[in-house]
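Peer 1: Input model19.tsv, format and content: TSV, C-alpha atoms.
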```tsv
chain	number	residue	atom	x	y	z
A	1	MET	CA	95.69	104.39	70.59
A	2	SER	CA	97.62	101.19	71.24
A	3	LEU	CA	96.08	98.16	72.90
A	4	ILE	CA	98.20	98.69	76.02
A	5	SER	CA	97.20	102.37	76.27
A	6	ALA	CA	93.54	101.44	75.88
A	7	VAL	CA	93.79	98.98	78.77
A	8	VAL	CA	95.62	101.53	80.93
A	9	THR	CA	93.04	104.25	80.29
A	10	ALA	CA	90.24	101.80	81.13
A	11	GLU	CA	92.01	100.79	84.36
A	12	ILE	CA	92.25	104.43	85.42
A	13	GLY	CA	88.48	104.76	85.14
A	14	VAL	CA	87.89	101.46	86.95
A	15	ALA	CA	90.19	102.46	89.81
A	16	ARG	CA	88.43	105.82	90.17
A	17	ARG	CA	84.98	104.23	90.25
A	18	VAL	CA	86.06	101.52	92.71
A	19	ARG	CA	87.36	104.28	94.97
A	20	GLY	CA	84.03	106.06	94.61
A	21	ALA	CA	85.71	109.31	93.66
A	22	THR	CA	84.65	111.95	91.18
A	23	ARG	CA	86.98	113.12	88.45
A	24	ASP	CA	87.27	116.45	90.27
A	25	GLU	CA	88.36	114.71	93.48
A	26	VAL	CA	90.95	112.62	91.67
A	27	ALA	CA	92.28	115.62	89.76
A	28	VAL	CA	92.69	117.58	93.02
A	29	ALA	CA	94.50	114.61	94.63
A	30	ALA	CA	96.71	114.21	91.54
A	31	ARG	CA	97.67	117.89	91.71
A	32	ALA	CA	98.49	117.43	95.40
A	33	ALA	CA	100.76	114.55	94.28
A	34	GLY	CA	102.61	116.83	91.85
A	35	ALA	CA	100.45	117.12	88.74
A	36	PRO	CA	100.37	120.60	87.19
A	37	ALA	CA	97.38	122.90	87.60
A	38	ALA	CA	96.35	121.98	84.04
A	39	PHE	CA	95.54	118.45	85.26
A	40	THR	CA	91.80	118.91	85.70
A	41	ALA	CA	88.68	116.75	85.67
A	42	ALA	CA	88.49	117.39	81.91
A	43	ALA	CA	92.05	116.12	81.44
A	44	LEU	CA	91.17	113.02	83.46
A	45	ARG	CA	88.04	112.50	81.34
A	46	ASN	CA	90.22	112.63	78.20
A	47	LEU	CA	92.42	109.91	79.69
A	48	GLU	CA	89.53	107.71	80.83
A	49	THR	CA	87.75	107.94	77.49
A	50	GLY	CA	90.91	107.16	75.54
A	51	LYS	CA	91.15	110.52	73.79
A	52	ARG	CA	94.78	110.46	74.81
A	53	ALA	CA	97.17	108.11	76.57
A	54	PRO	CA	98.63	109.02	79.96
A	55	SER	CA	102.27	109.93	80.38
A	56	VAL	CA	104.42	108.09	82.87
A	57	ASP	CA	104.22	111.11	85.17
A	58	GLU	CA	100.43	111.06	84.98
A	59	LEU	CA	100.37	107.35	85.85
A	60	VAL	CA	102.40	108.06	88.98
A	61	TRP	CA	100.24	111.03	90.00
A	62	LEU	CA	97.06	109.05	89.39
A	63	ALA	CA	98.33	106.04	91.31
A	64	VAL	CA	99.01	108.29	94.29
A	65	ALA	CA	95.65	110.04	93.91
A	66	LEU	CA	93.77	106.73	93.63
A	67	GLU	CA	95.88	105.07	96.33
A	68	VAL	CA	96.78	102.14	94.09
A	69	PRO	CA	100.15	100.86	92.92
A	70	VAL	CA	101.19	101.97	89.43
A	71	PRO	CA	101.25	98.34	88.19
A	72	GLN	CA	97.52	98.07	88.96
A	73	LEU	CA	96.87	100.81	86.42
A	74	LEU	CA	98.67	98.71	83.80
A	75	GLY	CA	95.97	96.06	84.08
A	76	ALA	CA	96.59	92.78	82.31
A	77	HIS	CA	99.80	94.23	80.83
A	78	ARG	CA	101.60	94.78	84.13
A	79	ASP	CA	103.67	91.62	83.67
A	80	LEU	CA	105.11	93.05	80.45
A	81	PHE	CA	106.80	95.70	82.52
A	82	GLY	CA	108.33	93.33	85.08
A	83	ALA	CA	106.50	95.00	87.94
A	84	ASP	CA	107.19	92.26	90.44
A	85	THR	CA	110.07	90.41	88.90
A	86	ALA	CA	113.60	90.50	90.17
A	87	PRO	CA	116.03	92.37	87.98
A	88	SER	CA	118.57	90.14	86.30
A	89	GLY	CA	121.63	89.66	88.43
A	90	CYS	CA	119.96	90.56	91.73
A	91	GLY	CA	121.68	89.20	94.82
A	92	ALA	CA	120.62	86.42	97.15
A	93	VAL	CA	119.01	88.68	99.78
A	94	GLU	CA	116.98	90.60	97.22
A	95	ALA	CA	115.92	87.37	95.48
A	96	ALA	CA	114.83	85.88	98.83
A	97	THR	CA	112.96	89.09	99.72
A	98	ARG	CA	111.15	89.07	96.38
A	99	GLU	CA	110.25	85.41	96.82
A	100	SER	CA	108.79	86.21	100.26
A	101	MET	CA	106.69	88.97	98.70
A	102	ARG	CA	105.44	86.57	96.01
A	103	GLU	CA	104.44	84.09	98.71
A	104	LEU	CA	102.29	86.80	100.31
A	105	GLY	CA	100.22	87.01	97.14
A	106	ASP	CA	98.67	90.25	95.91
A	107	LEU	CA	99.89	93.25	97.84
A	108	GLU	CA	97.47	95.99	98.78
A	109	GLY	CA	97.56	99.59	99.93
A	110	ARG	CA	100.74	100.56	101.71
A	111	GLU	CA	102.21	97.09	101.25
A	112	HIS	CA	103.47	98.10	97.77
A	113	PRO	CA	105.70	100.96	98.92
A	114	LEU	CA	106.88	98.85	101.87
A	115	ALA	CA	107.81	96.07	99.46
A	116	GLN	CA	109.77	98.56	97.33
A	117	VAL	CA	111.62	99.70	100.47
A	118	ALA	CA	112.33	96.06	101.34
A	119	TYR	CA	113.72	95.41	97.83
A	120	ALA	CA	115.96	98.48	98.02
A	121	LEU	CA	117.26	97.51	101.46
A	122	ALA	CA	117.86	93.93	100.32
A	123	ARG	CA	119.78	95.29	97.33
A	124	LYS	CA	121.95	97.33	99.70
A	125	LEU	CA	122.64	94.23	101.75
A	126	ASP	CA	123.62	92.35	98.61
A	127	THR	CA	125.98	95.09	97.47
A	128	ASP	CA	127.06	96.19	100.98
A	129	ALA	CA	126.59	99.77	99.79
A	130	GLY	CA	125.24	102.82	101.53
A	131	MET	CA	124.91	101.85	105.17
A	132	ALA	CA	126.37	99.42	107.65
A	133	THR	CA	125.04	95.91	107.06
A	134	ALA	CA	123.52	95.68	110.55
A	135	ALA	CA	121.58	98.92	110.08
A	136	VAL	CA	120.27	97.88	106.66
A	137	SER	CA	119.32	94.46	107.98
A	138	LYS	CA	117.42	96.09	110.86
A	139	GLU	CA	115.54	98.38	108.45
A	140	LEU	CA	114.71	95.46	106.16
A	141	ARG	CA	113.32	93.43	109.08
A	142	ALA	CA	111.24	96.45	110.17
A	143	ALA	CA	109.77	96.94	106.66
A	144	LEU	CA	108.89	93.27	106.37
A	145	ALA	CA	107.42	93.27	109.90
A	146	ASP	CA	105.19	96.23	108.95
A	147	ILE	CA	103.81	94.22	106.03
A	148	TRP	CA	103.22	91.11	108.15
A	149	GLU	CA	101.70	93.11	111.02
A	150	GLY	CA	99.35	94.80	108.58
A	151	ARG	CA	98.25	91.38	107.38
A	152	SER	CA	97.81	90.13	110.96
A	153	ALA	CA	95.78	93.20	111.91
A	154	GLU	CA	93.48	92.61	108.93
A	155	ASP	CA	93.02	88.98	110.03
A	156	GLU	CA	92.18	90.11	113.57
A	157	ASP	CA	89.69	92.65	112.23
A	158	ASP	CA	87.95	89.87	110.30
A	159	GLU	CA	87.61	87.83	113.51
A	160	ASP	CA	85.98	90.80	115.26
A	161	LEU	CA	83.08	90.72	112.83
A	162	GLY	CA	81.42	88.03	114.91
A	163	PRO	CA	79.69	84.90	113.72
A	164	SER	CA	78.61	84.83	110.10
```
Please, can you express the file's structure as structure tokens?
Peer 2:
Amino acid sequence: MSLISAVVTAEIGVARRVRGATRDEVAVAARAAGAPAAFTAAALRNLETGKRAPSVDELVWLAVALEVPVPQLLGAHRDLFGADTAPSGCGAVEAATRESMRELGDLEGREHPLAQVAYALARKLDTDAGMATAAVSKELRAALADIWEGRSAEDEDDEDLGPS
């Protein structure tokens, strides 16, 4: 098994344990995300122990099941895959949107899919394809607002914990 695959299989196990889930629970959730019936706790054990490397499909199903972004399962190698880098030749709006996401720092939970939506909408604005510019701009602002509001709500929750 390659070094990258070994890291990925280890990250799958770490993510499962952090979530506090059993292999059975993760396998059921992965099947609900589209994995075939053959994706069982035993199949997950084979991945976690490095007996075999996961396919791209399995990474996606596991990321959904574990409620983590796919790049998290790539561990220290995620940068090799350009997970958060702008594609070459991206437009000004997409570049600015990606820079805003970088300024936020590590994204968590539903922030990852919202960021992907924001990137896609920014790309549409740059290419003026798909929808009217005003509609795309409105959707982009809404996606970014959802991310910021989620951050603000977390900050408010921290304040509600009382004195430390």
Peer 1: Report the distance between atom CA of Ala37 of chain A and atom CA of Arg78 of chain A in Å, rounded to one decimal place.
Peer 2: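 Straight-line distance from atom CA of Ala37 of chain A to atom CA of Arg78 of chain A works out to 28.6 Å.
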Peer 1: Contacts of segment 1-8 of chain A at 12 Å or less, counting only C-alpha atoms, minus same-chain residues fewer than 3 places along, as an mmCIF file with C-alpha atoms, keeping the file's coordinate frame?
Peer 2:
```
data_model
loop_
_atom_site.group_PDB
_atom_site.id
_atom_site.type_symbol
_atom_site.label_atom_id
_atom_site.label_comp_id
_atom_site.auth_asym_id
_atom_site.auth_seq_id
_atom_site.Cartn_x
_atom_site.Cartn_y
_atom_site.Cartn_z
ATOM 1 C CA GLU A 11 92.010 100.790 84.360
ATOM 2 C CA ILE A 12 92.250 104.430 85.420
ATOM 3 C CA GLY A 13 88.480 104.760 85.140
ATOM 4 C CA VAL A 14 87.890 101.460 86.950
ATOM 5 C CA ALA A 15 90.190 102.460 89.810
ATOM 6 C CA ASN A 46 90.220 112.630 78.200
ATOM 7 C CA LEU A 47 92.420 109.910 79.690
ATOM 8 C CA GLU A 48 89.530 107.710 80.830
ATOM 9 C CA THR A 49 87.750 107.940 77.490
ATOM 10 C CA GLY A 50 90.910 107.160 75.540
ATOM 11 C CA LYS A 51 91.150 110.520 73.790
ATOM 12 C CA ARG A 52 94.780 110.460 74.810
ATOM 13 C CA ALA A 53 97.170 108.110 76.570
ATOM 14 C CA PRO A 54 98.630 109.020 79.960
ATOM 15 C CA SER A 55 102.270 109.930 80.380
ATOM 16 C CA VAL A 56 104.420 108.090 82.870
ATOM 17 C CA GLU A 58 100.430 111.060 84.980
ATOM 18 C CA LEU A 59 100.370 107.350 85.850
ATOM 19 C CA LEU A 62 97.060 109.050 89.390
ATOM 20 C CA ALA A 63 98.330 106.040 91.310
ATOM 21 C CA VAL A 70 101.190 101.970 89.430
ATOM 22 C CA PRO A 71 101.250 98.340 88.190
ATOM 23 C CA GLN A 72 97.520 98.070 88.960
ATOM 24 C CA LEU A 73 96.870 100.810 86.420
ATOM 25 C CA LEU A 74 98.670 98.710 83.800
ATOM 26 C CA GLY A 75 95.970 96.060 84.080
ATOM 27 C CA ALA A 76 96.590 92.780 82.310
ATOM 28 C CA HIS A 77 99.800 94.230 80.830
ATOM 29 C CA ARG A 78 101.600 94.780 84.130
ATOM 30 C CA ASP A 79 103.670 91.620 83.670
ATOM 31 C CA LEU A 80 105.110 93.050 80.450
ATOM 32 C CA PHE A 81 106.800 95.700 82.520
#
```
Peer 1: Calculate how many Å separate atom CA of Lys124 of chain A from atom CA of Asp146 of chain A, rounding to one decimal.
Peer 2: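 A separation of 19.2 Å between them.
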Peer 1: Work out how far atom CA of Val60 of chain A is from atom CA of Arg17 of chain A, in Å to one decimal.
Peer 2: 17.9 Å
Peer 1: Let me make sure I understand: among A:Ala21, A:Ala33, A:Ala118, A:Leu44, which one has the smallest atom-to-atom distance to Val93 of chain A if we use all atoms listed in the file?
Peer 2: A:Ala118
Peer 1: My list of candidates is A:Ala35, A:Ala10, A:Leu121, A:Val18. Which is closest to Ala142 of chain A when distances are computed with only C-alpha atoms?
Peer 2: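 The closest residue to Ala142 of chain A is A:Leu121.
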Peer 1: Nearest to Ser100 of chain A: which of A:Ala27, A:Arg123, A:Trp61, A:Leu144 is it, counting only C-alpha atoms?
Peer 2: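 Among A:Ala27, A:Arg123, A:Trp61, A:Leu144, it is A:Leu144 that comes nearest to Ser100 of chain A.
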Peer 1: Identify which of the residues A:Arg16, A:Arg141, A:Arg23, A:Arg45 lies closest to Val117 of chain A, counting all atoms listed in the file when measuring atom-to-atom distances.
Peer 2: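 Comparing A:Arg16, A:Arg141, A:Arg23, A:Arg45 against Val117 of chain A, the winner is A:Arg141.
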